[in-house]
$ cat run23.cif   # mmCIF, C-alpha atoms
data_coords
loop_
_atom_site.label_atom_id
_atom_site.label_comp_id
_atom_site.auth_asym_id
_atom_site.auth_seq_id
_atom_site.Cartn_x
_atom_site.Cartn_y
_atom_site.Cartn_z
CA MET A 1 98.63 149.40 46.44
CA THR A 2 97.60 149.98 50.05
CA ALA A 3 99.91 152.22 52.05
CA THR A 4 101.81 150.42 54.78
CA ARG A 5 100.43 151.35 58.18
CA LEU A 6 102.41 151.87 61.36
CA PRO A 7 99.77 153.78 63.27
CA ARG A 8 101.73 154.48 66.43
CA SER A 9 105.07 154.21 68.15
CA ASN A 10 106.34 151.26 70.16
CA GLY A 11 103.92 151.57 73.06
CA TRP A 12 103.45 154.29 75.67
CA PRO A 13 106.49 155.37 77.65
CA THR A 14 106.96 153.47 80.89
CA VAL A 15 107.31 155.29 84.18
CA ARG A 16 111.07 154.77 84.16
CA ALA A 17 111.39 156.02 80.59
CA VAL A 18 109.35 159.11 81.38
CA LEU A 19 111.27 159.96 84.53
CA GLY A 20 114.75 158.82 83.59
CA ALA A 21 116.26 162.21 82.78
CA LEU A 22 114.26 164.08 85.41
CA LEU A 23 115.17 161.90 88.38
CA THR A 24 118.86 161.81 87.56
CA THR A 25 119.05 165.60 87.75
CA MET A 26 116.72 166.10 90.69
CA LEU A 27 119.44 166.48 93.33
CA GLY A 28 121.29 169.15 91.42
CA ALA A 29 118.10 171.07 90.76
CA THR A 30 116.98 171.10 94.37
CA VAL A 31 120.10 171.99 96.33
CA LEU A 32 119.11 175.59 96.97
CA LEU A 33 121.28 176.69 99.89
CA ALA A 34 121.51 180.25 98.70
CA THR A 35 117.76 180.79 98.75
CA VAL A 36 116.62 178.40 101.46
CA LEU A 37 119.26 178.25 104.13
CA GLN A 38 119.70 181.65 105.72
CA PRO A 39 121.07 182.18 109.24
CA HIS A 40 118.61 185.04 109.65
CA GLU A 41 114.94 185.77 109.12
CA ALA A 42 113.77 185.99 105.47
CA CYS A 43 110.30 186.43 103.98
CA ALA A 44 109.25 185.11 100.60
CA ALA A 45 107.17 187.42 98.45
CA GLY A 46 103.51 186.98 99.21
CA ARG A 47 104.21 184.45 101.94
CA PRO A 48 105.17 186.09 105.26
CA GLY A 49 106.72 183.88 107.88
CA ASN A 50 109.72 183.18 110.07
CA TYR A 51 112.32 181.23 108.07
CA THR A 52 115.17 181.58 110.54
CA VAL A 53 117.85 178.86 110.58
CA GLY A 54 120.03 178.74 113.67
CA GLU A 55 123.81 178.63 113.41
CA TYR A 56 124.07 174.95 114.41
CA ALA A 57 121.34 173.78 112.03
CA TYR A 58 122.70 175.96 109.24
CA ARG A 59 126.21 174.45 109.46
CA LYS A 60 124.80 170.91 109.55
CA LEU A 61 122.41 171.47 106.64
CA GLU A 62 125.10 173.20 104.58
CA LYS A 63 127.45 170.25 105.08
CA ILE A 64 124.66 167.75 104.39
CA HIS A 65 123.90 169.38 101.04
CA GLU A 66 127.59 169.46 100.14
CA LEU A 67 127.82 165.72 100.84
CA LEU A 68 124.65 165.03 98.84
CA ALA A 69 126.02 167.00 95.88
CA ALA A 70 129.27 165.01 96.12
CA GLU A 71 127.27 161.75 96.38
CA GLN A 72 128.80 160.99 99.77
CA LEU A 73 125.51 159.58 100.97
CA SER A 74 126.56 157.72 104.10
CA GLY A 75 128.17 160.84 105.52
CA ALA A 76 125.08 162.86 104.72
CA GLY A 77 122.94 160.29 106.50
CA GLU A 78 125.06 160.44 109.65
CA LEU A 79 124.79 164.22 109.82
CA LEU A 80 121.04 164.05 109.25
CA ASP A 81 120.71 161.67 112.20
CA GLN A 82 122.72 164.06 114.33
CA LEU A 83 120.52 166.98 113.33
CA ALA A 84 117.36 164.96 113.92
CA GLY A 85 118.54 164.24 117.45
CA ARG A 86 118.58 167.88 118.34
CA SER A 87 115.50 168.69 120.42
CA LYS A 88 115.16 172.39 119.70
CA LEU A 89 114.48 172.68 115.95
CA ASN A 90 112.00 175.30 114.84
CA PRO A 91 109.35 174.44 112.18
CA HIS A 92 111.49 175.87 109.36
CA GLU A 93 114.54 173.85 110.42
CA THR A 94 112.36 170.75 110.76
CA ALA A 95 111.00 171.25 107.25
CA LEU A 96 114.55 171.59 105.89
CA LEU A 97 115.55 168.42 107.74
CA TYR A 98 112.68 166.45 106.18
CA GLN A 99 113.49 167.94 102.79
CA ALA A 100 117.12 166.83 103.06
CA ARG A 101 116.04 163.34 104.12
CA GLY A 102 113.90 163.26 100.99
CA TYR A 103 116.91 164.15 98.84
CA LEU A 104 118.96 161.41 100.49
CA SER A 105 116.28 158.75 100.03
CA SER A 106 115.89 159.78 96.40
CA ALA A 107 119.65 159.53 95.83
CA LEU A 108 119.55 156.03 97.35
CA GLY A 109 116.76 155.07 94.92
CA ASP A 110 114.17 154.69 97.68
CA TYR A 111 111.55 156.88 96.04
CA ALA A 112 108.72 155.75 98.30
CA ALA A 113 110.64 156.91 101.38
CA ALA A 114 111.62 160.14 99.63
CA ALA A 115 107.95 160.86 98.90
CA LEU A 116 107.07 160.35 102.56
CA TRP A 117 109.78 162.79 103.68
CA PHE A 118 108.67 165.43 101.19
CA ASP A 119 105.07 164.98 102.35
CA LYS A 120 106.21 165.62 105.94
CA CYS A 121 108.23 168.63 104.78
CA LEU A 122 105.21 170.18 103.08
CA ALA A 123 103.00 169.43 106.08
CA GLN A 124 105.20 171.73 108.17
CA ASP A 125 104.12 174.64 105.93
CA ALA A 126 107.33 176.35 106.96
CA LEU A 127 109.27 176.99 103.73
CA PRO A 128 109.33 180.05 101.48
CA GLU A 129 106.95 179.83 98.54
CA SER A 130 109.64 178.97 95.97
CA ALA A 131 110.96 176.16 98.15
CA MET A 132 107.45 174.83 98.74
CA LEU A 133 106.80 174.78 95.01
CA ASN A 134 110.11 173.08 94.31
CA THR A 135 109.42 170.40 96.92
CA ARG A 136 105.89 169.82 95.66
CA TYR A 137 107.20 169.40 92.11
CA ASN A 138 109.79 166.86 93.27
CA LEU A 139 107.06 165.06 95.20
CA ALA A 140 105.01 164.72 92.03
CA GLN A 141 107.99 163.14 90.27
CA LEU A 142 108.49 160.69 93.12
CA HIS A 143 104.83 159.66 93.14
CA LEU A 144 105.14 159.01 89.43
CA ALA A 145 108.31 156.99 89.98
CA THR A 146 106.50 154.83 92.55
CA GLU A 147 103.49 154.47 90.23
CA ASN A 148 101.24 156.37 92.63
CA PHE A 149 99.68 158.21 89.75
CA GLY A 150 96.69 159.68 91.54
CA LYS A 151 98.90 161.38 94.13
CA ALA A 152 101.29 162.51 91.40
CA LEU A 153 98.43 164.21 89.58
CA ALA A 154 97.11 165.85 92.76
CA ALA A 155 100.58 167.24 93.57
CA LEU A 156 101.05 168.53 90.05
CA GLU A 157 97.63 170.14 89.83
CA GLN A 158 98.31 172.00 93.07
CA TRP A 159 101.74 172.99 91.78
CA PHE A 160 100.27 174.32 88.53
CA GLU A 161 97.72 176.40 90.46
CA GLN A 162 100.57 178.17 92.27
CA THR A 163 102.88 178.63 89.27
CA ASP A 164 102.64 181.45 86.77
CA ARG A 165 104.92 180.20 83.97
CA PRO A 166 105.37 176.41 84.02
CA ALA A 167 108.39 175.16 82.10
CA GLY A 168 108.16 172.61 79.32
CA SER A 169 109.46 169.87 81.64
CA ALA A 170 106.48 170.42 83.95
CA TRP A 171 104.01 170.13 81.10
CA TYR A 172 105.76 166.94 79.99
CA LEU A 173 105.52 165.52 83.50
CA LEU A 174 101.80 166.32 83.61
CA ALA A 175 101.27 164.64 80.24
CA ALA A 176 103.17 161.57 81.47
CA VAL A 177 100.95 161.32 84.54
CA TYR A 178 97.81 161.52 82.40
CA VAL A 179 99.18 158.79 80.12
CA GLN A 180 99.82 156.50 83.06
CA LEU A 181 96.27 157.14 84.23
CA GLU A 182 95.13 156.23 80.69
CA ARG A 183 93.69 159.71 80.25
CA HIS A 184 95.35 160.11 76.88
CA ALA A 185 92.98 162.81 75.63
CA ASP A 186 93.88 164.94 78.67
CA ALA A 187 97.59 164.31 78.05
CA LEU A 188 97.55 165.80 74.55
CA GLU A 189 97.51 169.52 75.41
CA PRO A 190 100.23 169.31 78.12
CA ALA A 191 102.41 167.30 75.72
CA ARG A 192 101.93 169.98 73.05
CA HIS A 193 102.82 172.74 75.53
CA ALA A 194 106.01 170.88 76.48
CA VAL A 195 107.17 170.72 72.87
CA GLN A 196 106.06 174.24 71.94
CA LEU A 197 107.89 175.83 74.88
CA SER A 198 111.26 174.40 73.82
CA LYS A 199 113.37 175.37 70.82
CA THR A 200 114.91 171.89 70.86
CA PRO A 201 112.46 169.62 72.71
CA ALA A 202 113.84 166.44 74.23
CA ARG A 203 113.44 163.27 72.21
CA SER A 204 111.17 161.74 74.86
CA TRP A 205 108.88 164.79 74.66
CA LEU A 206 108.57 164.45 70.91
CA GLU A 207 107.99 160.70 71.14
CA LEU A 208 105.21 161.12 73.66
CA LEU A 209 103.46 163.78 71.60
CA VAL A 210 103.80 161.71 68.42
CA SER A 211 102.21 158.74 70.17
CA LEU A 212 99.31 160.84 71.38
CA GLU A 213 98.74 162.49 67.99
CA LEU A 214 98.83 159.14 66.20
CA GLU A 215 96.38 157.62 68.63
CA GLN A 216 93.95 160.36 67.65
CA GLN A 217 94.81 159.68 63.98
CA ARG A 218 96.07 163.25 63.64
CA TYR A 219 98.60 162.33 60.98
CA GLY A 220 99.05 165.90 59.79
CA ALA A 221 100.09 166.96 63.30
CA ALA A 222 102.37 163.93 63.73
CA ALA A 223 104.26 164.42 60.45
CA PRO A 224 106.35 167.52 61.41
CA LEU A 225 107.17 165.98 64.79
CA LEU A 226 108.46 162.83 63.11
CA GLU A 227 110.35 164.93 60.58
CA GLU A 228 112.14 166.61 63.49
CA LEU A 229 112.90 163.23 65.10
CA VAL A 230 114.30 161.97 61.79
CA GLN A 231 116.47 165.06 61.27
CA ARG A 232 117.82 165.22 64.82
CA PHE A 233 118.12 161.57 65.83
CA ALA A 234 117.93 159.47 62.61
CA ARG A 235 116.57 156.35 64.30
CA LYS A 236 115.10 153.63 62.11
CA ARG A 237 111.72 153.61 63.83
CA TYR A 238 111.28 157.31 63.12
CA PHE A 239 111.91 156.79 59.40
CA LEU A 240 109.41 153.92 59.27
CA GLN A 241 106.77 155.81 61.24
CA LEU A 242 107.21 158.91 59.09
CA SER A 243 106.87 156.82 55.94
CA ALA A 244 103.68 155.28 57.30
CA VAL A 245 102.28 158.70 58.24
CA TYR A 246 103.04 160.01 54.76
CA GLY A 247 101.15 157.01 53.40
CA GLU A 248 98.15 157.83 55.59
CA LEU A 249 98.25 161.38 54.25
CA GLY A 250 98.35 160.15 50.65
CA ARG A 251 101.92 161.44 50.24
CA HIS A 252 103.15 158.19 48.70
CA ASP A 253 106.13 159.74 46.92
CA ASP A 254 107.36 161.15 50.23
CA ALA A 255 106.73 157.79 51.91
CA LEU A 256 108.98 156.09 49.38
CA ALA A 257 111.61 158.82 49.57
CA ILE A 258 111.97 158.59 53.36
CA GLU A 259 112.25 154.80 53.25
CA GLN A 260 114.83 155.09 50.48
CA VAL A 261 116.93 157.40 52.67
CA ALA A 262 116.72 154.87 55.50
CA TRP A 263 117.70 152.03 53.15
CA GLU A 264 120.66 153.89 51.70
CA ALA A 265 121.78 154.72 55.26
CA GLY A 266 121.77 151.00 56.09
CA LEU A 267 118.99 151.34 58.65
CA LEU A 268 116.61 148.82 57.09
CA ASP A 269 118.00 145.51 58.26
CA ARG A 270 114.95 143.30 58.66
CA ALA A 271 113.27 141.18 56.02
CA PRO A 272 109.74 142.67 56.38
CA GLU A 273 111.14 146.19 56.00
CA LEU A 274 112.97 145.32 52.80
CA ARG A 275 110.01 143.45 51.34
CA ARG A 276 107.81 146.46 52.01
CA LEU A 277 110.34 148.78 50.39
CA ALA A 278 110.58 146.58 47.29
CA ARG A 279 106.80 146.59 46.95
CA ARG A 280 106.77 150.37 47.29
CA TYR A 281 109.21 150.61 44.39
CA LEU A 282 106.98 148.35 42.30
CA TYR A 283 103.97 150.50 43.17
CA HIS A 284 105.90 153.54 41.97
CA ASP A 285 106.86 151.76 38.72
CA LEU A 286 110.52 151.40 39.70
CA PRO A 287 110.94 147.63 39.25
CA TRP A 288 114.69 147.68 38.68
CA ILE A 289 115.33 149.25 42.09
CA ALA A 290 112.82 146.84 43.64
CA ALA A 291 114.81 143.96 42.21
CA ARG A 292 118.04 145.44 43.60
CA VAL A 293 116.54 145.73 47.07
CA VAL A 294 115.47 142.08 47.12
CA ASP A 295 118.63 140.81 45.44
CA ASN A 296 120.89 142.69 47.87
CA ALA A 297 118.85 141.45 50.84
CA ILE A 298 119.29 137.85 49.68
CA THR A 299 123.00 138.32 48.96
CA ASP A 300 123.56 139.95 52.37
CA LYS A 301 121.60 137.12 54.02
CA VAL A 302 119.16 139.57 55.55
CA LEU A 303 116.43 137.77 53.68
CA ASP A 304 116.06 134.00 53.88
CA PRO A 305 114.05 133.78 50.68
CA GLY A 306 110.85 131.82 50.47
CA LEU A 307 108.40 131.35 47.64
CA ASP A 308 106.96 134.87 47.85
CA ASP A 309 110.43 136.45 47.90
CA TRP A 310 111.60 134.62 44.79
CA GLN A 311 108.33 135.53 43.09
CA LEU A 312 108.77 139.19 44.11
CA LEU A 313 112.29 139.22 42.67
CA ALA A 314 111.16 137.54 39.47
CA ASP A 315 108.23 139.93 39.03
CA SER A 316 110.55 142.89 39.56
CA TYR A 317 112.93 141.70 36.85
CA LEU A 318 110.08 140.95 34.47
CA LEU A 319 108.57 144.39 34.95
CA ALA A 320 112.04 145.82 34.35
CA ARG A 321 112.12 143.81 31.09
CA GLU A 322 115.00 141.69 32.34
CA SER A 323 113.59 138.29 31.40
CA GLU A 324 116.92 136.46 31.60
CA ARG A 325 117.48 137.68 35.16
CA ALA A 326 114.00 136.48 36.10
CA LEU A 327 114.83 132.86 35.23
CA VAL A 328 116.87 132.08 38.35
CA PRO A 329 114.33 133.34 40.92
CA LEU A 330 111.55 131.60 38.98
CA GLU A 331 113.54 128.35 39.04
CA LYS A 332 113.88 128.77 42.82
CA ALA A 333 110.16 129.47 43.17
CA ALA A 334 109.21 126.52 40.94
CA ALA A 335 111.43 124.23 43.02
CA LEU A 336 109.51 125.28 46.14
CA GLU A 337 106.11 124.96 44.45
CA PRO A 338 106.49 122.83 41.31
CA ALA A 339 102.73 122.63 40.75
CA GLY A 340 102.16 126.34 41.26
CA PRO A 341 101.98 129.43 39.06
CA PRO A 342 105.76 130.12 39.10
CA ALA A 343 106.36 126.91 37.16
CA LEU A 344 104.00 127.98 34.39
CA GLN A 345 105.51 131.46 34.35
CA LEU A 346 108.98 129.94 34.03
CA ALA A 347 107.88 127.56 31.28
CA ARG A 348 106.43 130.43 29.27
CA LEU A 349 109.73 132.31 29.52
CA TYR A 350 111.64 129.28 28.28
CA ILE A 351 109.16 128.86 25.42
CA ALA A 352 109.55 132.55 24.52
CA GLY A 353 113.29 131.98 24.43
CA GLU A 354 112.86 128.79 22.33
CA ARG A 355 114.43 126.71 25.08
CA TRP A 356 112.09 123.80 24.46
CA ARG A 357 113.89 121.20 26.58
CA ASP A 358 114.04 123.49 29.62
CA ALA A 359 110.34 124.22 29.24
CA GLU A 360 109.64 120.48 28.96
CA ARG A 361 111.60 119.79 32.17
CA VAL A 362 109.69 122.37 34.15
CA LEU A 363 106.30 121.33 32.79
CA ARG A 364 106.81 117.62 33.37
CA GLY A 365 107.80 118.45 36.93
CA CYS A 366 104.65 120.53 37.31
CA LEU A 367 102.40 117.74 36.02
CA ALA A 368 104.14 115.14 38.18
CA ALA A 369 103.64 117.33 41.23
CA LEU A 370 99.95 117.75 40.39
CA ASP A 371 99.51 113.99 40.01
CA SER A 372 101.30 113.29 43.31
CA GLU A 373 99.22 115.62 45.44
CA PRO A 374 97.21 113.76 48.12
CA GLY A 375 93.69 113.00 46.96
CA HIS A 376 94.54 114.30 43.49
CA THR A 377 91.66 114.65 41.07
CA ARG A 378 91.13 116.94 38.15
CA ASP A 379 88.56 118.78 40.28
CA GLY A 380 89.43 121.03 43.13
CA GLU A 381 89.12 124.58 44.35
CA ARG A 382 87.25 126.66 41.79
CA ASP A 383 88.44 129.83 40.09
CA ASN A 384 86.22 132.82 39.45
CA ASP A 385 85.06 131.40 36.10
CA ASP A 386 83.88 128.23 37.89
CA THR A 387 86.63 126.07 36.35
CA PRO A 388 88.32 123.90 39.01
CA ALA A 389 91.69 125.49 39.79
CA ARG A 390 93.63 122.22 39.69
CA SER A 391 92.05 121.33 36.36
CA ARG A 392 93.02 124.75 35.00
CA GLN A 393 96.63 124.25 36.18
CA TRP A 394 96.80 120.77 34.65
CA SER A 395 95.26 121.93 31.37
CA THR A 396 97.63 124.88 31.03
CA ALA A 397 100.72 122.83 31.89
CA SER A 398 99.70 120.07 29.46
CA LEU A 399 99.00 122.55 26.68
CA LEU A 400 102.39 124.27 27.17
CA LEU A 401 104.12 120.89 27.23
CA GLY A 402 102.47 119.93 23.96
CA ILE A 403 103.50 123.25 22.38
CA SER A 404 107.11 122.75 23.57
CA LEU A 405 107.24 119.23 22.13
CA ALA A 406 105.68 120.31 18.84
CA SER A 407 108.08 123.24 18.55
CA ASP A 408 110.95 120.83 19.20
CA GLU A 409 109.63 118.80 16.21
CA ARG A 410 108.59 115.88 18.42
CA LEU A 411 105.19 115.77 16.82
CA GLY A 412 104.18 112.29 17.90
CA GLU A 413 104.80 113.05 21.59
CA ALA A 414 103.04 116.38 21.25
CA LEU A 415 100.01 114.78 19.62
CA LYS A 416 99.62 112.37 22.55
CA VAL A 417 99.60 115.28 24.97
CA PHE A 418 96.99 117.23 23.00
CA GLU A 419 94.83 114.15 22.62
CA GLN A 420 94.99 113.55 26.39
CA ILE A 421 93.72 117.11 26.96
CA GLU A 422 90.81 116.43 24.58
CA ARG A 423 90.14 113.07 26.18
CA GLU A 424 90.23 114.16 29.82
CA GLY A 425 88.73 117.57 29.24
CA GLY A 426 90.48 120.69 30.44
CA ASP A 427 89.29 124.24 30.68
CA SER A 428 87.62 125.57 27.57
CA THR A 429 90.55 127.70 26.37
CA ALA A 430 93.08 124.87 26.67
CA LEU A 431 90.67 122.44 25.04
CA ASP A 432 90.15 124.70 22.01
CA ASP A 433 93.89 125.27 21.66
CA ALA A 434 94.59 121.53 21.96
CA ARG A 435 92.13 120.79 19.16
CA ARG A 436 93.75 123.37 16.91
CA TRP A 437 97.19 121.95 17.60
CA THR A 438 95.93 118.42 17.00
CA ALA A 439 94.52 119.47 13.62
CA HIS A 440 97.74 121.30 12.78
CA ILE A 441 99.95 118.32 13.66
CA SER A 442 97.71 115.91 11.79
CA ALA A 443 97.89 118.14 8.70
CA GLU A 444 101.66 118.39 9.11
CA LYS A 445 102.00 114.61 9.31
CA ASN A 446 99.79 114.11 6.26
CA ALA A 447 101.88 116.60 4.34
CA GLN A 448 105.05 114.75 5.32
CA LEU A 449 103.55 111.45 4.10
CA LEU A 450 102.54 113.02 0.78
CA ASN A 451 106.00 114.47 0.29
CA LYS A 452 107.77 111.15 0.84
CA PRO A 453 109.28 109.74 -2.36
#

$ encode --input "run23.cif" --output "structure tokens"
Amino acid sequence: MTATRLPRSNGWPTVRAVLGALLTTMLGATVLLATVLQPHEACAAGRPGNYTVGEYAYRKLEKIHELLAAEQLSGAGELLDQLAGRSKLNPHETALLYQARGYLSSALGDYAAAALWFDKCLAQDALPESAMLNTRYNLAQLHLATENFGKALAALEQWFEQTDRPAGSAWYLLAAVYVQLERHADALEPARHAVQLSKTPARSWLELLVSLELEQQRYGAAAPLLEELVQRFARKRYFLQLSAVYGELGRHDDALAIEQVAWEAGLLDRAPELRRLARRYLYHDLPWIAARVVDNAITDKVLDPGLDDWQLLADSYLLARESERALVPLEKAAALEPAGPPALQLARLYIAGERWRDAERVLRGCLAALDSEPGHTRDGERDNDDTPARSRQWSTASLLLGISLASDERLGEALKVFEQIEREGGDSTALDDARRWTAHISAEKNAQLLNKP
């Protein structure tokens, strides 16, 4: 049995998916009054300069940031306009003004405008080093949000050059930019750093790294990541992906076990998933559980059974040595394909159970269906032994019908069937059996005549 393959997750993360959590927290992370707004001169380490904020500008900026934090955006905008109208702002105050306008535009969802304001802020080159880094990082996020991936990468690369210990979120952002630029190989290491630097990495971080590892067919590396996703978040797609990865690694017992957990948790609710699970159970020689999976899916109306489903259920019962239970699904399958293999399988079961009339019903239906097929001839598609497939089906059905009639002591009817096989010529096995039965019936009839008084 070939392991089921789900080689990667449901597509690469979109820009919105990548940035969702980051952008929603950006305002809170960047309101840095205590370190940026000082009504006196302050020098950042390694970056000398005059970062004086006058009393008027300080009060306005302090109030603006309070309003931004409280999401009172219209009020913040009015105060920004007032501050912008002041003619005597020094470069540091101007940079803080542009920075605040960037925060406001971001809060309003106008990321393109926010990026422009942050660009102008950085162009002033009038913020302490930590504030410059913070603004550049936010700018990279905004370029990503506006799908300006080249600028996002340039901003991030510059940010990384000036940062000693990047956090996991920064590595994740860099990986996301590379993904959007379709530089997936370059995204792999940053995505790994993001996960490794966190004791409990975010789900989106794990998902991105799993996707990248699977694209490189690094199933061994993907397995522990998916195991963590399963343990922490228990989403159906993680169970299915982990099962597929186990299959790729040849860990078929683990693949079945993880799908079984998902099934017992009620997570498998689609017909293809349940069919695959049933076939896994058959592969692992657990036909009774396979039958239960299919039977429950039909009962719960998750599965609208077709020919293959009824055949799968019947095969599961037969392998579990539950022949009686196999009769109903085989009847359903034979009704859908009366001239097909399920009909012969069903007839054989009835014959084994000495239910001659039921076997006759099924076999006559099979032969009638064969005769009614458009363009019917005894010839047709050929089997591996070069016997026409339709001829083989007709020969086998006729032979089984004759056996059923003979066993039901309807020797005259049986003899006609066997003689028809000899006359029309079936496959070699059926023809030999028909001749033996013909000889046996003829001898039986002669014996009956001799024994008559």

$ resolve_selection --input "run23.cif" --expression "the PyMOL selection byres ((chain A and resi 355-360) around 10)" --output "list in words"
Ala343, Leu344, Leu346, Ala347, Arg348, Leu349, Tyr350, Ile351, Ala352, Gly353, Glu354, Arg361, Val362, Leu363, Arg364, Gly365, Cys366, Ala397, Ser398, Leu400, Leu401, Gly402, Ile403, Ser404, Leu405, Ala406, Ser407, Asp408 and Glu409 of chain A

$ closest_residue --input "run23.cif" --among "A:Leu73, A:Leu156, A:Leu133, A:Ala222" --to "A:Leu188" --atoms "all atoms listed in the file"
A:Ala222

$ atom_distance --input "run23.cif" --atom1 "atom CA of A:Lys445" --atom2 "atom CA of A:Val417"
15.9 Å

$ resolve_selection --input "run23.cif" --expression "the PyMOL selection byres ((chain A and resi 437) around 12)" --output "CSV table (one decimal) with C-alpha atoms, keeping the file's coordinate frame"
chain,number,residue,atom,x,y,z
A,399,LEU,CA,99.0,122.6,26.7
A,400,LEU,CA,102.4,124.3,27.2
A,401,LEU,CA,104.1,120.9,27.2
A,402,GLY,CA,102.5,119.9,24.0
A,403,ILE,CA,103.5,123.2,22.4
A,404,SER,CA,107.1,122.8,23.6
A,405,LEU,CA,107.2,119.2,22.1
A,406,ALA,CA,105.7,120.3,18.8
A,407,SER,CA,108.1,123.2,18.6
A,411,LEU,CA,105.2,115.8,16.8
A,412,GLY,CA,104.2,112.3,17.9
A,414,ALA,CA,103.0,116.4,21.2
A,415,LEU,CA,100.0,114.8,19.6
A,416,LYS,CA,99.6,112.4,22.6
A,417,VAL,CA,99.6,115.3,25.0
A,418,PHE,CA,97.0,117.2,23.0
A,419,GLU,CA,94.8,114.2,22.6
A,421,ILE,CA,93.7,117.1,27.0
A,422,GLU,CA,90.8,116.4,24.6
A,430,ALA,CA,93.1,124.9,26.7
A,431,LEU,CA,90.7,122.4,25.0
A,432,ASP,CA,90.2,124.7,22.0
A,433,ASP,CA,93.9,125.3,21.7
A,434,ALA,CA,94.6,121.5,22.0
A,435,ARG,CA,92.1,120.8,19.2
A,436,ARG,CA,93.8,123.4,16.9
A,438,THR,CA,95.9,118.4,17.0
A,439,ALA,CA,94.5,119.5,13.6
A,440,HIS,CA,97.7,121.3,12.8
A,441,ILE,CA,100.0,118.3,13.7
A,442,SER,CA,97.7,115.9,11.8
A,443,ALA,CA,97.9,118.1,8.7
A,444,GLU,CA,101.7,118.4,9.1

$ closest_residue --input "run23.cif" --among "A:Tyr103, A:Tyr56, A:Phe233, A:Tyr317" --to "A:Lys88" --atoms "all atoms listed in the file"
A:Tyr56

$ resolve_selection --input "run23.cif" --expression "the PyMOL selection byres ((chain A and resi 91) around 10)" --output "list in words"
Asn50, Tyr51, Thr52, Val53, Lys88, Leu89, Asn90, His92, Glu93, Thr94, Ala95, Leu96, Leu97, Cys121, Gln124, Asp125, Ala126 and Leu127 of chain A

$ atom_distance --input "run23.cif" --atom1 "atom CA of A:Glu71" --atom2 "atom CA of A:Ala107"
8.0 Å

$ closest_residue --input "run23.cif" --among "A:Ala167, A:Leu327, A:Leu153, A:Leu307" --to "A:Asp186" --atoms "only C-alpha atoms"
A:Leu153
